[in-house]
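Below is my_file.tsv, holding TSV, C-alpha atoms.
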```tsv
chain	number	residue	atom	x	y	z
A	9	ASP	CA	28.63	85.12	286.11
A	10	GLY	CA	31.26	85.55	283.37
A	11	VAL	CA	30.07	82.52	281.40
A	12	ARG	CA	26.47	83.68	281.66
A	13	HIS	CA	27.46	87.19	280.54
A	14	ILE	CA	29.32	85.89	277.48
A	15	TRP	CA	26.58	83.37	276.66
A	16	ASP	CA	23.74	85.89	276.95
A	17	ASN	CA	25.52	88.38	274.71
A	18	LEU	CA	26.70	85.88	272.09
A	19	ILE	CA	23.67	83.65	271.90
A	20	TYR	CA	20.63	85.62	272.96
A	21	GLN	CA	21.62	89.13	271.92
A	22	ASN	CA	23.83	88.14	268.96
A	23	ARG	CA	26.62	90.55	269.87
A	24	GLY	CA	30.06	90.53	271.40
A	25	ALA	CA	30.98	90.65	275.06
A	26	ILE	CA	33.88	91.76	277.19
A	27	LEU	CA	35.03	89.76	280.18
A	28	ALA	CA	37.45	91.92	282.17
A	29	HIS	CA	38.50	91.42	285.77
A	30	CYS	CA	41.56	91.48	287.94
A	31	MET	CA	44.16	88.74	287.51
A	32	GLY	CA	43.38	85.40	289.10
A	33	LEU	CA	39.60	85.44	288.86
A	34	GLY	CA	39.33	82.73	286.22
A	35	LYS	CA	38.75	84.57	282.93
A	36	THR	CA	40.63	81.94	280.92
A	37	PHE	CA	38.68	79.12	282.55
A	38	GLN	CA	35.37	80.93	281.98
A	39	MET	CA	36.23	81.32	278.29
A	40	ILE	CA	37.13	77.63	278.05
A	41	VAL	CA	33.82	76.67	279.68
A	42	THR	CA	32.05	78.91	277.15
A	43	ILE	CA	34.01	77.39	274.25
A	44	TYR	CA	33.14	73.89	275.46
A	45	HIS	CA	29.44	74.66	275.59
A	46	LEU	CA	29.45	76.48	272.25
A	47	PHE	CA	30.77	73.32	270.58
A	48	ARG	CA	28.62	70.89	272.58
A	49	ILE	CA	25.11	72.32	272.49
A	50	HIS	CA	23.33	71.61	269.21
A	51	PRO	CA	21.34	73.39	268.10
A	52	LEU	CA	22.21	76.56	269.95
A	53	PRO	CA	19.21	78.63	271.03
A	54	ASN	CA	19.89	81.12	268.21
A	55	ASN	CA	20.25	78.25	265.68
A	56	ASN	CA	23.91	79.04	264.99
A	57	VAL	CA	26.42	76.26	264.50
A	58	ILE	CA	29.85	76.90	265.98
A	59	LYS	CA	32.73	76.05	263.66
A	60	ARG	CA	35.68	78.33	264.40
A	61	ILE	CA	36.90	80.19	267.49
A	62	LEU	CA	40.06	82.26	267.32
A	63	VAL	CA	41.96	83.15	270.49
A	64	VAL	CA	44.40	86.01	269.83
A	65	ALA	CA	46.73	86.34	272.80
A	66	PRO	CA	49.95	88.08	273.68
A	67	ALA	CA	52.85	85.73	272.89
A	68	ALA	CA	53.50	85.35	276.62
A	69	LEU	CA	50.02	83.83	277.12
A	70	VAL	CA	49.78	81.54	274.08
A	71	LEU	CA	51.35	78.52	275.78
A	72	ASN	CA	49.26	79.13	278.90
A	73	TRP	CA	46.12	78.95	276.76
A	74	ALA	CA	47.40	75.78	275.09
A	75	GLU	CA	48.02	74.15	278.47
A	76	GLU	CA	44.61	75.18	279.78
A	77	LEU	CA	42.83	73.90	276.66
A	78	TYR	CA	44.71	70.63	276.91
A	79	ASP	CA	43.85	70.29	280.60
A	80	TRP	CA	40.16	71.09	280.22
A	81	LEU	CA	39.35	69.78	276.72
A	82	PRO	CA	41.64	66.72	276.44
A	83	ASP	CA	39.32	64.12	274.93
A	84	ASP	CA	36.31	66.15	273.87
A	85	ASN	CA	36.87	66.07	270.10
A	86	ILE	CA	37.10	69.85	269.97
A	87	PRO	CA	40.12	70.31	267.76
A	88	PHE	CA	42.51	73.01	268.82
A	89	GLN	CA	45.80	74.21	267.45
A	90	VAL	CA	48.42	76.62	268.68
A	91	LEU	CA	50.56	78.96	266.62
A	92	ASN	CA	53.23	80.30	268.95
A	93	PRO	CA	56.10	82.15	267.32
A	94	LYS	CA	57.74	82.91	270.68
A	95	ALA	CA	58.28	79.23	271.44
A	96	ARG	CA	59.22	78.34	267.87
A	97	CYS	CA	60.53	81.57	266.45
A	98	ASN	CA	62.66	79.66	263.95
A	99	SER	CA	59.51	77.95	262.69
A	100	TYR	CA	57.12	80.88	262.34
A	101	CYS	CA	58.88	84.25	262.43
A	102	GLY	CA	59.00	85.54	258.89
A	103	LYS	CA	57.84	82.24	257.42
A	104	THR	CA	54.32	82.98	256.28
A	105	ALA	CA	53.96	79.66	254.42
A	106	LYS	CA	53.87	77.77	257.72
A	107	VAL	CA	51.39	80.24	259.19
A	108	ASP	CA	49.27	79.97	256.04
A	109	ARG	CA	49.21	76.17	256.31
A	110	LYS	CA	48.08	76.29	259.94
A	111	MET	CA	45.43	78.89	259.14
A	112	GLN	CA	44.17	76.81	256.22
A	113	GLU	CA	43.87	73.78	258.52
A	114	PHE	CA	41.90	75.92	260.96
A	115	ILE	CA	39.62	77.23	258.21
A	116	THR	CA	39.01	73.71	256.87
A	117	ARG	CA	38.76	71.72	260.12
A	118	GLY	CA	37.37	74.38	262.39
A	119	GLY	CA	37.82	74.18	266.13
A	120	VAL	CA	39.90	76.54	268.24
A	121	LEU	CA	43.08	78.27	267.12
A	122	VAL	CA	45.28	80.04	269.65
A	123	ILE	CA	47.54	82.52	267.91
A	124	SER	CA	49.77	85.33	269.04
A	125	GLU	CA	48.97	88.97	268.36
A	126	LYS	CA	52.24	89.24	266.46
A	127	VAL	CA	51.33	86.51	263.98
A	128	ILE	CA	47.76	87.64	263.36
A	129	CYS	CA	48.72	91.31	263.06
A	130	SER	CA	51.47	90.57	260.56
A	131	ASN	CA	49.00	88.58	258.44
A	132	TYR	CA	45.74	90.45	259.10
A	133	LYS	CA	45.09	91.38	255.45
A	134	LYS	CA	45.00	87.70	254.50
A	135	TYR	CA	42.60	86.75	257.28
A	136	CYS	CA	40.37	89.78	257.76
A	137	ASP	CA	37.48	88.05	255.95
A	138	LEU	CA	37.74	84.87	258.02
A	139	LYS	CA	34.31	83.78	259.19
A	140	LEU	CA	34.52	83.28	262.95
A	141	ASN	CA	31.96	82.42	265.57
A	142	LEU	CA	34.00	83.93	268.38
A	143	ALA	CA	37.30	85.76	268.73
A	144	ALA	CA	38.71	85.84	272.26
A	145	LEU	CA	41.32	88.49	272.93
A	146	PRO	CA	42.97	87.89	276.29
A	147	SER	CA	45.43	90.48	277.53
A	148	SER	CA	48.49	90.20	279.69
A	149	SER	CA	48.60	92.00	283.01
A	150	SER	CA	51.16	94.44	281.66
A	151	SER	CA	48.80	95.69	278.96
A	152	SER	CA	45.68	95.88	281.12
```

This entry written out as structure tokens:
Amino acid sequence: DGVRHIWDNLIYQNRGAILAHCMGLGKTFQMIVTIYHLFRIHPLPNNNVIKRILVVAPAALVLNWAEELYDWLPDDNIPFQVLNPKARCNSYCGKTAKVDRKMQEFITRGGVLVISEKVICSNYKKYCDLKLNLAALPSSSSSS
């Protein structure tokens, strides 16, 4: 039902959708199924072409998203990248040049970028005009 809800809203009604449930009901998997189909079905019923999907997650969930994407989209030629300052704080915290390079790759190549709230919020002025097909904003159980 979640995939159908997201699909109907994004594709047929050309608007956003919220997928909110209790923990453990498969929201991440439903989003990954939706992402897979958005990149695989050409042309989409609304004639859009999917190029970029941004997943903005709490730092605690970024690696979980990366693992799930790797498990479910391993050889499907849907490029995805992960910017996780919590795991590599020395690499990304306060070093906007590295974030800028990753964002430029995402803008150029497209695909899926999983990024922490901290990184996107600290750079939002640079990326507020980014043309996205979908932005997924998962929350942690502590902020729900």

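Interatomic distance, CA of Leu81 in chain A to CA of Lys126 in chain A: 25.5 Å.
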
Nearest-residue call for Gln21 in chain A, choices A:Pro66, A:Phe114, A:Pro53, A:Glu75, using all atoms listed in the file: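 Looking at the shortest contact to Gln21 in chain A, the residue is A:Pro53.
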
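Among A:Tyr20, A:Ile86, A:Lys139, A:Ile26, the residue with the shortest atom-to-atom distance to Ile43 in chain A, counting all atoms listed in the file, is A:Ile86.
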
Selection: 12 Å around Gly10 in chain A, all atoms listed in the file, excl. self and same-chain fewer than 5 positions, as a list in words: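 The filter keeps Trp15, Asp16, Asn17, Ala25, Ile26, Leu27, Ala28, His29, Leu33, Gly34, Lys35, Thr36, Phe37, Gln38, Met39, Ile40, Val41 and Thr42 of chain A.
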
Which residues come within 9 Å of Val122 in chain A, counting all atoms listed in the file, excluding same-chain residues fewer than 2 positions away, as a PDB file with C-alpha atoms, keeping the file's coordinate frame?
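Below is the file that was written, around-v8.pdb:
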```
ATOM      1  CA  ILE A  61      36.900  80.190 267.490  1.00  0.00           C
ATOM      2  CA  LEU A  62      40.060  82.260 267.320  1.00  0.00           C
ATOM      3  CA  VAL A  63      41.960  83.150 270.490  1.00  0.00           C
ATOM      4  CA  VAL A  64      44.400  86.010 269.830  1.00  0.00           C
ATOM      5  CA  ALA A  65      46.730  86.340 272.800  1.00  0.00           C
ATOM      6  CA  VAL A  70      49.780  81.540 274.080  1.00  0.00           C
ATOM      7  CA  LEU A  71      51.350  78.520 275.780  1.00  0.00           C
ATOM      8  CA  TRP A  73      46.120  78.950 276.760  1.00  0.00           C
ATOM      9  CA  ALA A  74      47.400  75.780 275.090  1.00  0.00           C
ATOM     10  CA  PHE A  88      42.510  73.010 268.820  1.00  0.00           C
ATOM     11  CA  GLN A  89      45.800  74.210 267.450  1.00  0.00           C
ATOM     12  CA  VAL A  90      48.420  76.620 268.680  1.00  0.00           C
ATOM     13  CA  LEU A  91      50.560  78.960 266.620  1.00  0.00           C
ATOM     14  CA  ASN A  92      53.230  80.300 268.950  1.00  0.00           C
ATOM     15  CA  VAL A 120      39.900  76.540 268.240  1.00  0.00           C
ATOM     16  CA  SER A 124      49.770  85.330 269.040  1.00  0.00           C
TER      17      SER A 124
END
```

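The nearest approach to Ile58 in chain A among the residues A:Trp80, A:Tyr135, A:Leu18, A:Glu125, with only C-alpha atoms taken into account, belongs to A:Leu18.
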
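Interatomic distance, CA of Arg109 in chain A against CA of Leu46 in chain A: 25.4 Å.
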
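Interatomic distance, CA of Leu138 in chain A against CA of Ile49 in chain A: 22.9 Å.
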
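Comparing the minimum interatomic distances between Arg117 in chain A and each of A:Asn22, A:Asn72, A:Asn85, A:Asn56, counting all atoms listed in the file, we find that A:Asn85 sits nearest.
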
Counting all atoms listed in the file, the residue of A:Asn131, A:Thr116, A:Ile123, A:His13 that sits nearest Arg60 in chain A: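 Once distances to Arg60 in chain A are computed over all atoms listed in the file, the minimum belongs to A:Thr116.
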
For Lys110 in chain A, which residue among A:Gly32, A:Leu140, A:Ile128, A:Arg48 is the nearest when counting all atoms listed in the file? A:Ile128
